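Single-structure report; data block below.
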Number of protein chains: 2
Amino acid sequence: MEHYKVNPKDILFILKEQLNYGSLCSLDRYKDLNEKALDMAVTEAIKFADGVVDPLQKIGEEWGVKLKDGKVSCAPEFREVFKQYAENGWLAISADAQYGGQEFPFLIDMVVTDLMSGACQSFHMCPGLTHGAARLIESFGTEEYKERFVRRMYSGEWAGTMALTEPNSGSDLSGIQTMAFREGDHFKIKGTKIFISWGDHDVADNIIHMVLAKIEGAPEGTKGISLFIVPKIRVKEDGSLGEPNDVVCEKVEEKLGIHASPTAELSFGANDGCIGYLCGLENKGLSCMFQMMNGARIGTGVSGMAMASTAYQNAVAYAKERIQGPDITGQKKGPVAIINHPDIRRMLLWMKAMVDGMRSMIYASAMWLDMSQTAADADKRARYDALVDFMVPIIKAYCSDMGFRVCETAMQCYGGYGYCKDYPIEQYLRDTKIMSIYEGTNGIQALDLMGRKMRIKDGAPVRAFMEEIGAFCKKNQGHPRLGGAVKELGQMVDKLMEVSTKMGMLAMSDLPQWASTTYPALLSFGDAIACWMLLDMAVAAQKAIDGGKDNPFYQGKVLQALYFTKVTLPEAVARLDSCVREGREVVEMPAEAF
Amino acid sequence: MEHYKVNPKDILFILKEQLNYGSLCSLDRYKDLNEKALDMAVTEAIKFADGVVDPLQKIGEEWGVKLKDGKVSCAPEFREVFKQYAENGWLAISADAQYGGQEFPFLIDMVVTDLMSGACQSFHMCPGLTHGAARLIESFGTEEYKERFVRRMYSGEWAGTMALTEPNSGSDLSGIQTMAFREGDHFKIKGTKIFISWGDHDVADNIIHMVLAKIEGAPEGTKGISLFIVPKIRVKEDGSLGEPNDVVCEKVEEKLGIHASPTAELSFGANDGCIGYLCGLENKGLSCMFQMMNGARIGTGVSGMAMASTAYQNAVAYAKERIQGPDITGQKKGPVAIINHPDIRRMLLWMKAMVDGMRSMIYASAMWLDMSQTAADADKRARYDALVDFMVPIIKAYCSDMGFRVCETAMQCYGGYGYCKDYPIEQYLRDTKIMSIYEGTNGIQALDLMGRKMRIKDGAPVRAFMEEIGAFCKKNQGHPRLGGAVKELGQMVDKLMEVSTKMGMLAMSDLPQWASTTYPALLSFGDAIACWMLLDMAVAAQKAIDGGKDNPFYQGKVLQALYFTKVTLPEAVARLDSCVREGREVVEMPAEAF
């Protein structure tokens, strides 16, 4: 049974007709690119995802990961594809050319993540983490470290990881116990890390771990955490590989999904032989990590959306093939393809809208991230920076939770077959669930959105967001076909403002009560943004229809926007209202009453 | 890490303080029972589930099922426990004494299903199906067949299955191709069945398949389907086992979950050696099946709720143990148990209410089913019958979909550990998903509710439901603490009436549009019933509090009702309104636009 499915038209419609991504090429950093080059990158990525990465989804699931004598082995195909992936330039697509990057916009990086995650999430995490680790060194490391590590990571010779979590430090990193002891120009590292994605494997010749640890004598809590470069195998002055660096894989987790992605428990320096190099300033490790966080969290949302997209595309294909049950209208004789059944259509239309809405909000935010880093005008950069700050927790939480819901709905379209491993849906359902948990649980994203993101920079993030969505509503509320739905969105924006303000006051008067309502509030923000994006796409589609391109593709964009807005917004409004009601049951509940 | 967890107080509170289940003993059929006997059955079932069935959850997951040379083997412990299960009387707890039943109310059967499914769903399906198959023979078989089969099934010597589905006949059974050829006093059976739960195994000495097939020359479609008793191994006149009956397991499905439950593809009579016995009238096979359907569908809802209940109980225990992050109010020093975090509490309170609401609606309906069968007064029986008819599709669909959602939420409370197989949640998440699919997909339940159940018996089912919930609201709208929430429920009841009526008209004017809104309507009915049940429990709890029993247990019942009603009803109302709005996007969507 087929796995990876993507509709390139959906992707290119958002990039070109909704977002006009060619406009990025007018930025100084991208002046050597043009829209054609961007189109080509997207088209090539689709080919690579479909032809090269997709087969790993099944291969990896069957092989899993094997831990023997402290070494992890992956399916041999993973090593081949990882090499090819880097050679083709996908790993460092948006990185600077100096160390081998392709200098494409971050948006293209997210499109690539979309395509590759949708084909095989387990695999894509390896180049994704390698890129993230190398970017940390590129951003904060000394020239020497950059020379020694970054190029060989971008080339796919070596891989990378992020080693943050410890048994007692997950969501809260203040209790980190891994220690770093000064020794000449480097440090000796000692401690245990858990849940390290791609923490050990044989897909690359070396693994460069970015490790959070405390330097002996550092301040308590998060203010005493530093970031270290810790290779699995030591790297000699001349760049060749030396001795093993006393980093040992103690365990590989058995998980619900992403079975081909080794989630490792790593011991560093159990025999006092683990050397690490300080990356960035002492005690500033967390802030280094935080500077990479927006990209990483958007990437997590992308994964949730991308697997949902593949699940949806598979469900559509299945619904067109599977013959079962009579036509409810009696017009067609005999059993019909199940796409004729209204309840199946309802699920398909909801999934389609959800996926398109999520993809669009992600691509738009990725483009804003590009602008925030490369726009010529400083005010513009600040404004886009604020917008991205606001969008990040929503993208991470909303797209992961809704992505899972889409996979669940896709399974329902399949009926009993969806529950069976002969069909691809159950794997997407399992693989996607982790997105709600890692990179900060969705509960933490909600606290970030309704707390920090409402306050920082004098409220610039929420202001930028409200202006942007408000401007869209104002501009399109008189639209002949979409105006009604746009007006409803406009009322929703007022409601979002009102509830955000009330919740801001609540945070001061009743912090626990406030914290118990942040997640439902985030969900409603997500719904509103999905509607916004779908309506924005619908405006573009209607323009094409009015221009004579009246075809099912464009009609579908309009219909999905109307449907999603009309069924989603009323529930989202009701949910928002419940965030600011009087009752305090969640807080008042005695612990022993649970 | 621990698995099965149950709070007996929660169960007994519903049975005794909300439903007064002892009153069943005044019915003639149960006159030899008293409340103490019922209590003892419940208490013993809890012990058995906890001590004997629970260990199978892990054992079964590890062993899975093994197919070799056309024979399926299960973990040896399953055979032992199956025997013990029947010997202890759980298998035929509600069946007539004549063939070895215990003659307890159906309600107790559902409590047992709750407890055993919550401990190990994969296992419980085996006695569950055996009971269902035996009940069919008991209800429709000849005296000879009853004597030959039923007793040995109730005793656990033999197991049973329901063999309905074929590759091209799943949701729609009209296309069944399995044939029955008359041969003396029996039939020769020929055909292939798929997705047969517990279709082959070594847990019992024989398996009695209840097979739907068409007798040669029978009418087209569902009106030509008959029901047959088809043993795996032939049974001689004297009751001893004879030759194999040409029933061969061709395949065992690999599934997302319930790994210890063999889902078999069975070929009947490939070598013309498969004998079957007609059960019930010729061509009336489907109506025989339908008469068992209410019980089976309630049972499916029970499974969804029961696994959710266990997942919730595990999440509570974990939240009390797991130390992570600071107290948001700053009152407690250092890291605290995560049950102190408001967003964790929000998830726990929602899960608690959801589980209690589902359990209560199931137990109440099971009690109504008892009344429908055993009340002395014919009008009363008819009224309860109508009520049960109405509740069945809601229980099946709502409790399976919401059960899955609870498991998902429980995983979120665990964070990364929830995704790992060292902890029990991921298995409950996987195991519970099938409940939304089998026994009629939830989409089909929604069509049944909003279609057939609104029309049959001159609308008696919906009328009985509206009267029952309406009477509760009227009686309690002035309640000092709960009156406000009850009034909101009362408004919801009006809305349910209004929308049901409108949808009834829609069904006549625009059938596909109607069919595209049945599932969201069902969800809103489910939400309303959950609120009703929670408020009913809260009224009982408040009475206890007013009577001096002011303890956290009772306060929790009140708080969960207020919380759930206030956050759930407004969304359910918004969803209902969207069922009767103007837009027809689902229907209008061109197939090629998906």
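Simple scheme: letters A, B, ... for chains in structure tokens order, numbers from 1 for residues in each chain, numbers from 1 for ligands in the order shown.
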Could you produce a table of the residues of chain B lying within 6 Å of chain A, with the nearest pair of atoms per residue and their separation in Å rounded to one decimal, using only C-alpha atoms, ordered by chain and increasing residue number, as a Markdown table?
```
| residue | atom | partner | partner_atom | distance |
| --- | --- | --- | --- | --- |
| B:Asp172 | CA | A:Gly325 | CA | 5.2 |
| B:Glu254 | CA | A:Lys421 | CA | 5.5 |
| B:Lys255 | CA | A:Cys420 | CA | 4.3 |
| B:Leu256 | CA | A:Tyr419 | CA | 5.5 |
| B:Gly325 | CA | A:Asp172 | CA | 5.2 |
| B:Pro342 | CA | A:Ser516 | CA | 4.6 |
| B:Asp343 | CA | A:Ser516 | CA | 4.8 |
| B:Arg346 | CA | A:Val586 | CA | 5.6 |
| B:Gly415 | CA | A:Ile437 | CA | 5.8 |
| B:Tyr419 | CA | A:Leu256 | CA | 5.5 |
| B:Cys420 | CA | A:Lys255 | CA | 4.2 |
| B:Lys421 | CA | A:Lys255 | CA | 5.3 |
| B:Ile437 | CA | A:Gly415 | CA | 5.8 |
| B:Pro512 | CA | A:Pro342 | CA | 5.7 |
| B:Ala515 | CA | A:Pro342 | CA | 5.6 |
| B:Ser516 | CA | A:Pro342 | CA | 4.6 |
| B:Pro552 | CA | A:Ala593 | CA | 5.0 |
| B:Phe553 | CA | A:Ala593 | CA | 4.9 |
| B:Gly556 | CA | A:Ala593 | CA | 5.2 |
| B:Leu559 | CA | A:Glu585 | CA | 5.5 |
| B:Tyr563 | CA | A:Glu585 | CA | 6.0 |
| B:Val567 | CA | A:Ser578 | CA | 5.6 |
| B:Pro570 | CA | A:Ala574 | CA | 5.5 |
| B:Glu571 | CA | A:Glu571 | CA | 4.9 |
| B:Ala574 | CA | A:Glu571 | CA | 5.4 |
| B:Ser578 | CA | A:Val567 | CA | 5.7 |
| B:Glu585 | CA | A:Leu559 | CA | 5.5 |
| B:Val586 | CA | A:Arg346 | CA | 5.6 |
| B:Ala593 | CA | A:Phe553 | CA | 5.0 |
```
Distance query B:Phe525 at most 12 Å, only C-alpha atoms, self and fewer than 3 positions along chain excluded, as a PDB file with N, CA, C and O atoms, in the first residue's frame:
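Okay, result-v2.pdb is ready:
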```
ATOM      1  N   MET B 361     -23.378   7.458  31.953  1.00  0.00           N
ATOM      2  CA  MET B 361     -24.386   7.295  30.888  1.00  0.00           C
ATOM      3  C   MET B 361     -24.483   5.835  30.457  1.00  0.00           C
ATOM      4  O   MET B 361     -25.555   5.350  30.092  1.00  0.00           O
ATOM      5  N   PHE B 390     -32.308   4.877  21.752  1.00  0.00           N
ATOM      6  CA  PHE B 390     -31.760   6.201  21.491  1.00  0.00           C
ATOM      7  C   PHE B 390     -30.315   6.313  21.977  1.00  0.00           C
ATOM      8  O   PHE B 390     -29.456   6.895  21.301  1.00  0.00           O
ATOM      9  N   MET B 391     -30.047   5.756  23.127  1.00  0.00           N
ATOM     10  CA  MET B 391     -28.726   5.922  23.744  1.00  0.00           C
ATOM     11  C   MET B 391     -27.626   5.128  23.045  1.00  0.00           C
ATOM     12  O   MET B 391     -26.451   5.516  23.071  1.00  0.00           O
ATOM     13  N   VAL B 392     -27.984   3.983  22.446  1.00  0.00           N
ATOM     14  CA  VAL B 392     -26.965   3.056  21.955  1.00  0.00           C
ATOM     15  C   VAL B 392     -25.955   3.687  20.977  1.00  0.00           C
ATOM     16  O   VAL B 392     -24.747   3.593  21.195  1.00  0.00           O
ATOM     17  N   PRO B 393     -26.415   4.340  19.891  1.00  0.00           N
ATOM     18  CA  PRO B 393     -25.411   4.895  18.978  1.00  0.00           C
ATOM     19  C   PRO B 393     -24.563   5.988  19.624  1.00  0.00           C
ATOM     20  O   PRO B 393     -23.389   6.163  19.267  1.00  0.00           O
ATOM     21  N   ILE B 394     -25.154   6.712  20.566  1.00  0.00           N
ATOM     22  CA  ILE B 394     -24.390   7.765  21.248  1.00  0.00           C
ATOM     23  C   ILE B 394     -23.313   7.144  22.118  1.00  0.00           C
ATOM     24  O   ILE B 394     -22.151   7.558  22.095  1.00  0.00           O
ATOM     25  N   ILE B 395     -23.700   6.136  22.890  1.00  0.00           N
ATOM     26  CA  ILE B 395     -22.713   5.480  23.756  1.00  0.00           C
ATOM     27  C   ILE B 395     -21.584   4.888  22.922  1.00  0.00           C
ATOM     28  O   ILE B 395     -20.410   5.057  23.225  1.00  0.00           O
ATOM     29  N   ALA B 397     -20.482   5.648  19.835  1.00  0.00           N
ATOM     30  CA  ALA B 397     -19.614   6.592  19.129  1.00  0.00           C
ATOM     31  C   ALA B 397     -18.947   7.586  20.081  1.00  0.00           C
ATOM     32  O   ALA B 397     -17.741   7.819  20.012  1.00  0.00           O
ATOM     33  N   TYR B 398     -19.734   8.149  20.973  1.00  0.00           N
ATOM     34  CA  TYR B 398     -19.201   9.200  21.850  1.00  0.00           C
ATOM     35  C   TYR B 398     -18.145   8.631  22.791  1.00  0.00           C
ATOM     36  O   TYR B 398     -17.058   9.201  22.952  1.00  0.00           O
ATOM     37  N   CYS B 399     -18.445   7.490  23.399  1.00  0.00           N
ATOM     38  CA  CYS B 399     -17.509   6.952  24.386  1.00  0.00           C
ATOM     39  C   CYS B 399     -16.250   6.395  23.728  1.00  0.00           C
ATOM     40  O   CYS B 399     -15.181   6.377  24.342  1.00  0.00           O
ATOM     41  N   ALA B 446     -23.825   7.711  13.788  1.00  0.00           N
ATOM     42  CA  ALA B 446     -24.432   9.045  13.692  1.00  0.00           C
ATOM     43  C   ALA B 446     -25.625   9.021  12.733  1.00  0.00           C
ATOM     44  O   ALA B 446     -26.664   9.634  12.999  1.00  0.00           O
ATOM     45  N   LEU B 449     -28.426   7.369  14.624  1.00  0.00           N
ATOM     46  CA  LEU B 449     -29.055   8.230  15.633  1.00  0.00           C
ATOM     47  C   LEU B 449     -29.968   9.267  14.992  1.00  0.00           C
ATOM     48  O   LEU B 449     -31.136   9.397  15.363  1.00  0.00           O
ATOM     49  N   MET B 450     -29.417  10.022  14.051  1.00  0.00           N
ATOM     50  CA  MET B 450     -30.162  11.157  13.513  1.00  0.00           C
ATOM     51  C   MET B 450     -31.166  10.726  12.446  1.00  0.00           C
ATOM     52  O   MET B 450     -32.018  11.514  12.040  1.00  0.00           O
ATOM     53  N   VAL B 462     -36.623   9.272  20.607  1.00  0.00           N
ATOM     54  CA  VAL B 462     -36.198  10.648  20.887  1.00  0.00           C
ATOM     55  C   VAL B 462     -37.139  11.291  21.909  1.00  0.00           C
ATOM     56  O   VAL B 462     -36.711  12.064  22.766  1.00  0.00           O
ATOM     57  N   PHE B 465     -36.202  10.098  25.354  1.00  0.00           N
ATOM     58  CA  PHE B 465     -34.962  10.758  25.773  1.00  0.00           C
ATOM     59  C   PHE B 465     -35.223  12.190  26.225  1.00  0.00           C
ATOM     60  O   PHE B 465     -34.770  12.621  27.293  1.00  0.00           O
ATOM     61  N   MET B 466     -35.954  12.932  25.418  1.00  0.00           N
ATOM     62  CA  MET B 466     -36.207  14.339  25.731  1.00  0.00           C
ATOM     63  C   MET B 466     -36.991  14.471  27.034  1.00  0.00           C
ATOM     64  O   MET B 466     -36.740  15.374  27.833  1.00  0.00           O
ATOM     65  N   ILE B 469     -34.446  13.639  30.077  1.00  0.00           N
ATOM     66  CA  ILE B 469     -33.474  14.696  30.374  1.00  0.00           C
ATOM     67  C   ILE B 469     -34.214  15.978  30.765  1.00  0.00           C
ATOM     68  O   ILE B 469     -33.772  16.712  31.664  1.00  0.00           O
ATOM     69  N   LEU B 489     -28.179  23.419  30.937  1.00  0.00           N
ATOM     70  CA  LEU B 489     -28.495  22.135  30.307  1.00  0.00           C
ATOM     71  C   LEU B 489     -29.918  22.163  29.738  1.00  0.00           C
ATOM     72  O   LEU B 489     -30.167  21.649  28.651  1.00  0.00           O
ATOM     73  N   MET B 492     -29.925  23.781  26.559  1.00  0.00           N
ATOM     74  CA  MET B 492     -29.329  22.873  25.583  1.00  0.00           C
ATOM     75  C   MET B 492     -30.362  21.863  25.096  1.00  0.00           C
ATOM     76  O   MET B 492     -30.395  21.505  23.918  1.00  0.00           O
ATOM     77  N   VAL B 493     -31.204  21.386  26.005  1.00  0.00           N
ATOM     78  CA  VAL B 493     -32.243  20.423  25.624  1.00  0.00           C
ATOM     79  C   VAL B 493     -33.188  21.049  24.599  1.00  0.00           C
ATOM     80  O   VAL B 493     -33.522  20.423  23.585  1.00  0.00           O
ATOM     81  N   ASP B 494     -33.558  22.300  24.849  1.00  0.00           N
ATOM     82  CA  ASP B 494     -34.405  22.995  23.867  1.00  0.00           C
ATOM     83  C   ASP B 494     -33.707  23.057  22.512  1.00  0.00           C
ATOM     84  O   ASP B 494     -34.317  22.836  21.467  1.00  0.00           O
ATOM     85  N   LYS B 495     -32.444  23.364  22.566  1.00  0.00           N
ATOM     86  CA  LYS B 495     -31.653  23.459  21.326  1.00  0.00           C
ATOM     87  C   LYS B 495     -31.578  22.101  20.619  1.00  0.00           C
ATOM     88  O   LYS B 495     -31.705  22.016  19.390  1.00  0.00           O
ATOM     89  N   LEU B 496     -31.416  21.050  21.390  1.00  0.00           N
ATOM     90  CA  LEU B 496     -31.372  19.705  20.797  1.00  0.00           C
ATOM     91  C   LEU B 496     -32.688  19.392  20.084  1.00  0.00           C
ATOM     92  O   LEU B 496     -32.701  18.846  18.981  1.00  0.00           O
ATOM     93  N   MET B 497     -33.786  19.769  20.739  1.00  0.00           N
ATOM     94  CA  MET B 497     -35.106  19.554  20.142  1.00  0.00           C
ATOM     95  C   MET B 497     -35.223  20.304  18.821  1.00  0.00           C
ATOM     96  O   MET B 497     -35.629  19.754  17.800  1.00  0.00           O
ATOM     97  N   VAL B 499     -32.923  21.605  16.845  1.00  0.00           N
ATOM     98  CA  VAL B 499     -32.033  21.173  15.770  1.00  0.00           C
ATOM     99  C   VAL B 499     -32.448  19.795  15.235  1.00  0.00           C
ATOM    100  O   VAL B 499     -32.397  19.545  14.029  1.00  0.00           O
ATOM    101  N   SER B 500     -32.885  18.912  16.123  1.00  0.00           N
ATOM    102  CA  SER B 500     -33.340  17.599  15.652  1.00  0.00           C
ATOM    103  C   SER B 500     -34.517  17.753  14.691  1.00  0.00           C
ATOM    104  O   SER B 500     -34.594  17.072  13.661  1.00  0.00           O
ATOM    105  N   THR B 518     -24.612  14.734  10.541  1.00  0.00           N
ATOM    106  CA  THR B 518     -25.089  13.820  11.590  1.00  0.00           C
ATOM    107  C   THR B 518     -24.030  13.570  12.672  1.00  0.00           C
ATOM    108  O   THR B 518     -24.364  13.481  13.849  1.00  0.00           O
ATOM    109  N   TYR B 519     -22.764  13.474  12.261  1.00  0.00           N
ATOM    110  CA  TYR B 519     -21.750  13.180  13.283  1.00  0.00           C
ATOM    111  C   TYR B 519     -21.569  14.333  14.280  1.00  0.00           C
ATOM    112  O   TYR B 519     -21.594  14.095  15.495  1.00  0.00           O
ATOM    113  N   PRO B 520     -21.393  15.587  13.814  1.00  0.00           N
ATOM    114  CA  PRO B 520     -21.302  16.667  14.801  1.00  0.00           C
ATOM    115  C   PRO B 520     -22.540  16.730  15.699  1.00  0.00           C
ATOM    116  O   PRO B 520     -22.428  17.039  16.893  1.00  0.00           O
ATOM    117  N   ALA B 521     -23.715  16.418  15.144  1.00  0.00           N
ATOM    118  CA  ALA B 521     -24.926  16.430  15.971  1.00  0.00           C
ATOM    119  C   ALA B 521     -24.840  15.359  17.052  1.00  0.00           C
ATOM    120  O   ALA B 521     -25.163  15.612  18.223  1.00  0.00           O
ATOM    121  N   LEU B 522     -24.379  14.172  16.673  1.00  0.00           N
ATOM    122  CA  LEU B 522     -24.224  13.108  17.672  1.00  0.00           C
ATOM    123  C   LEU B 522     -23.286  13.547  18.795  1.00  0.00           C
ATOM    124  O   LEU B 522     -23.559  13.323  19.981  1.00  0.00           O
ATOM    125  N   ALA B 528     -24.192  16.709  25.826  1.00  0.00           N
ATOM    126  CA  ALA B 528     -25.336  17.054  26.671  1.00  0.00           C
ATOM    127  C   ALA B 528     -25.624  15.944  27.676  1.00  0.00           C
ATOM    128  O   ALA B 528     -25.895  16.206  28.856  1.00  0.00           O
ATOM    129  N   ILE B 529     -25.529  14.707  27.210  1.00  0.00           N
ATOM    130  CA  ILE B 529     -25.818  13.582  28.115  1.00  0.00           C
ATOM    131  C   ILE B 529     -24.745  13.464  29.193  1.00  0.00           C
ATOM    132  O   ILE B 529     -25.036  13.198  30.355  1.00  0.00           O
ATOM    133  N   ALA B 530     -23.496  13.693  28.800  1.00  0.00           N
ATOM    134  CA  ALA B 530     -22.423  13.657  29.801  1.00  0.00           C
ATOM    135  C   ALA B 530     -22.679  14.715  30.877  1.00  0.00           C
ATOM    136  O   ALA B 530     -22.520  14.451  32.080  1.00  0.00           O
ATOM    137  N   CYS B 531     -23.091  15.912  30.453  1.00  0.00           N
ATOM    138  CA  CYS B 531     -23.397  16.976  31.426  1.00  0.00           C
ATOM    139  C   CYS B 531     -24.558  16.562  32.338  1.00  0.00           C
ATOM    140  O   CYS B 531     -24.501  16.747  33.554  1.00  0.00           O
ATOM    141  N   TRP B 532     -25.572  16.035  31.717  1.00  0.00           N
ATOM    142  CA  TRP B 532     -26.739  15.565  32.475  1.00  0.00           C
ATOM    143  C   TRP B 532     -26.298  14.571  33.559  1.00  0.00           C
ATOM    144  O   TRP B 532     -26.644  14.705  34.740  1.00  0.00           O
ATOM    145  N   THR B 568     -18.111  22.747  28.337  1.00  0.00           N
ATOM    146  CA  THR B 568     -18.485  21.873  27.224  1.00  0.00           C
ATOM    147  C   THR B 568     -19.756  22.330  26.506  1.00  0.00           C
ATOM    148  O   THR B 568     -19.810  22.311  25.279  1.00  0.00           O
ATOM    149  N   LEU B 569     -20.767  22.726  27.285  1.00  0.00           N
ATOM    150  CA  LEU B 569     -22.056  23.040  26.655  1.00  0.00           C
ATOM    151  C   LEU B 569     -21.983  24.168  25.626  1.00  0.00           C
ATOM    152  O   LEU B 569     -22.561  24.026  24.540  1.00  0.00           O
ATOM    153  N   GLU B 571     -19.647  25.059  23.630  1.00  0.00           N
ATOM    154  CA  GLU B 571     -19.087  24.536  22.377  1.00  0.00           C
ATOM    155  C   GLU B 571     -20.070  23.588  21.702  1.00  0.00           C
ATOM    156  O   GLU B 571     -20.193  23.567  20.470  1.00  0.00           O
ATOM    157  N   ALA B 572     -20.752  22.784  22.500  1.00  0.00           N
ATOM    158  CA  ALA B 572     -21.713  21.832  21.933  1.00  0.00           C
ATOM    159  C   ALA B 572     -22.881  22.565  21.266  1.00  0.00           C
ATOM    160  O   ALA B 572     -23.377  22.137  20.221  1.00  0.00           O
ATOM    161  N   VAL B 573     -23.297  23.683  21.853  1.00  0.00           N
ATOM    162  CA  VAL B 573     -24.368  24.495  21.257  1.00  0.00           C
ATOM    163  C   VAL B 573     -23.899  25.071  19.923  1.00  0.00           C
ATOM    164  O   VAL B 573     -24.613  25.001  18.909  1.00  0.00           O
ATOM    165  N   ARG B 575     -21.671  23.910  17.957  1.00  0.00           N
ATOM    166  CA  ARG B 575     -21.557  22.815  16.994  1.00  0.00           C
ATOM    167  C   ARG B 575     -22.927  22.446  16.434  1.00  0.00           C
ATOM    168  O   ARG B 575     -23.083  22.206  15.238  1.00  0.00           O
ATOM    169  N   LEU B 576     -23.922  22.408  17.327  1.00  0.00           N
ATOM    170  CA  LEU B 576     -25.289  22.091  16.884  1.00  0.00           C
ATOM    171  C   LEU B 576     -25.800  23.123  15.885  1.00  0.00           C
ATOM    172  O   LEU B 576     -26.391  22.769  14.870  1.00  0.00           O
TER     173      LEU B 576
END
```
If you run DSSP on the backbone, which residues of stretch 286-461 of chain A are alpha helix (DSSP H), as a PyMOL selection string?
-> chain A and resi 286-321+342-374+378-414+425-432+442-447+453-461
Do a neighbour search on stretch 211-219 of chain A at 6 Å with only C-alpha atoms, toss out local chain neighbours closer than 5 positions, and write the hits as a list in words.
-> Ala163, Leu164, Thr178, Met179, Ala180, Phe181, Gly224, Ile225, Ser226, Leu227 and Phe228 of chain A
Atoms kept (N, CA and C atoms) for selection, written as a short mmCIF file (atom, residue, chain, number, x, y, z; two decimals), in the first residue's frame:
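After the write, part_38.cif holds the following:
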```cif
data_model
loop_
_atom_site.label_atom_id
_atom_site.label_comp_id
_atom_site.auth_asym_id
_atom_site.auth_seq_id
_atom_site.Cartn_x
_atom_site.Cartn_y
_atom_site.Cartn_z
N ALA A 163 21.47 17.90 23.41
CA ALA A 163 21.41 17.09 24.63
C ALA A 163 21.05 17.97 25.81
N LEU A 164 19.76 18.09 26.05
CA LEU A 164 19.27 18.96 27.13
C LEU A 164 18.73 18.17 28.31
N THR A 178 24.33 17.68 34.95
CA THR A 178 25.55 17.37 34.20
C THR A 178 26.57 18.48 34.46
N MET A 179 27.80 18.06 34.77
CA MET A 179 28.82 19.01 35.20
C MET A 179 29.92 19.16 34.15
N ALA A 180 30.55 20.34 34.16
CA ALA A 180 31.71 20.59 33.30
C ALA A 180 32.85 21.09 34.19
N PHE A 181 33.98 20.42 34.04
CA PHE A 181 35.15 20.77 34.86
C PHE A 181 36.25 21.32 33.96
N GLY A 224 23.05 29.28 35.56
CA GLY A 224 24.37 28.68 35.67
C GLY A 224 24.59 27.60 34.62
N ILE A 225 23.82 27.65 33.54
CA ILE A 225 23.91 26.60 32.53
C ILE A 225 24.72 27.08 31.33
N SER A 226 25.68 26.26 30.91
CA SER A 226 26.50 26.59 29.74
C SER A 226 26.30 25.55 28.65
N LEU A 227 26.71 25.93 27.45
CA LEU A 227 26.55 25.05 26.30
C LEU A 227 27.91 24.52 25.85
N PHE A 228 27.97 23.22 25.60
CA PHE A 228 29.23 22.60 25.21
C PHE A 228 29.11 21.79 23.93
#
```
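Using only C-alpha atoms, the shortest contact distance between A:Met367 and any of A:Gly89, A:Ser155, A:Leu107, A:Lys66 is found at A:Leu107.
When DSSP is run on the backbone, the residues of stretch 249-487 of chain A that fall into strand (DSSP E) are Cys249, Glu250, Lys251, Val252, Thr263, Ala264, Glu265, Leu266, Ser267, Phe268, Ile275, Gly276, Tyr277, Leu278, Ile323, Gln324, Gly325, Pro326, Pro335, Val336 and Ala337 of chain A.
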Write a file of the just-selected residues containing C-alpha atoms, as a compact mmCIF listing (two decimals), in the first residue's frame.
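Saved to again.txt:
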```
# COMPACT_ATOMS: atom_id res chain seq x y z
CA CYS A 249 24.67 4.94 24.81
CA GLU A 250 23.15 3.19 27.82
CA LYS A 251 19.66 2.63 26.51
CA VAL A 252 17.43 3.23 23.54
CA THR A 263 16.05 8.04 21.34
CA ALA A 264 19.08 7.51 23.51
CA GLU A 265 20.16 7.71 27.09
CA LEU A 266 23.75 8.91 26.95
CA SER A 267 26.35 8.81 29.66
CA PHE A 268 29.06 11.43 29.31
CA ILE A 275 36.07 16.31 26.62
CA GLY A 276 33.78 19.23 25.75
CA TYR A 277 34.31 22.69 24.32
CA LEU A 278 32.50 25.75 25.56
CA ILE A 323 -16.19 0.85 -3.07
CA GLN A 324 -18.66 0.33 -0.24
CA GLY A 325 -22.30 1.07 0.41
CA PRO A 326 -25.01 2.61 -1.76
CA PRO A 335 -22.17 0.34 -4.37
CA VAL A 336 -20.14 3.53 -4.83
CA ALA A 337 -16.70 4.87 -3.92
```
Please measure the separation of atom CA of B:Gln177 and atom CA of B:Thr222, giving the value in Å to one decimal.
->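 These atoms are spaced 11.2 Å apart.
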Find the residues around A:Lys146 up to 12 Å (only C-alpha atoms counted), leave out those fewer than 5 positions away in its own chain, and share them as a PyMOL selection string.
-> chain A and resi 98-100+133-141+151-154+229+239+277+279-280
For A:Phe82: contacts at 8 Å, only C-alpha atoms, fewer than 4 positions along chain excluded, given as a PyMOL selection string | chain A and resi 78+86+126-127+156+203-204
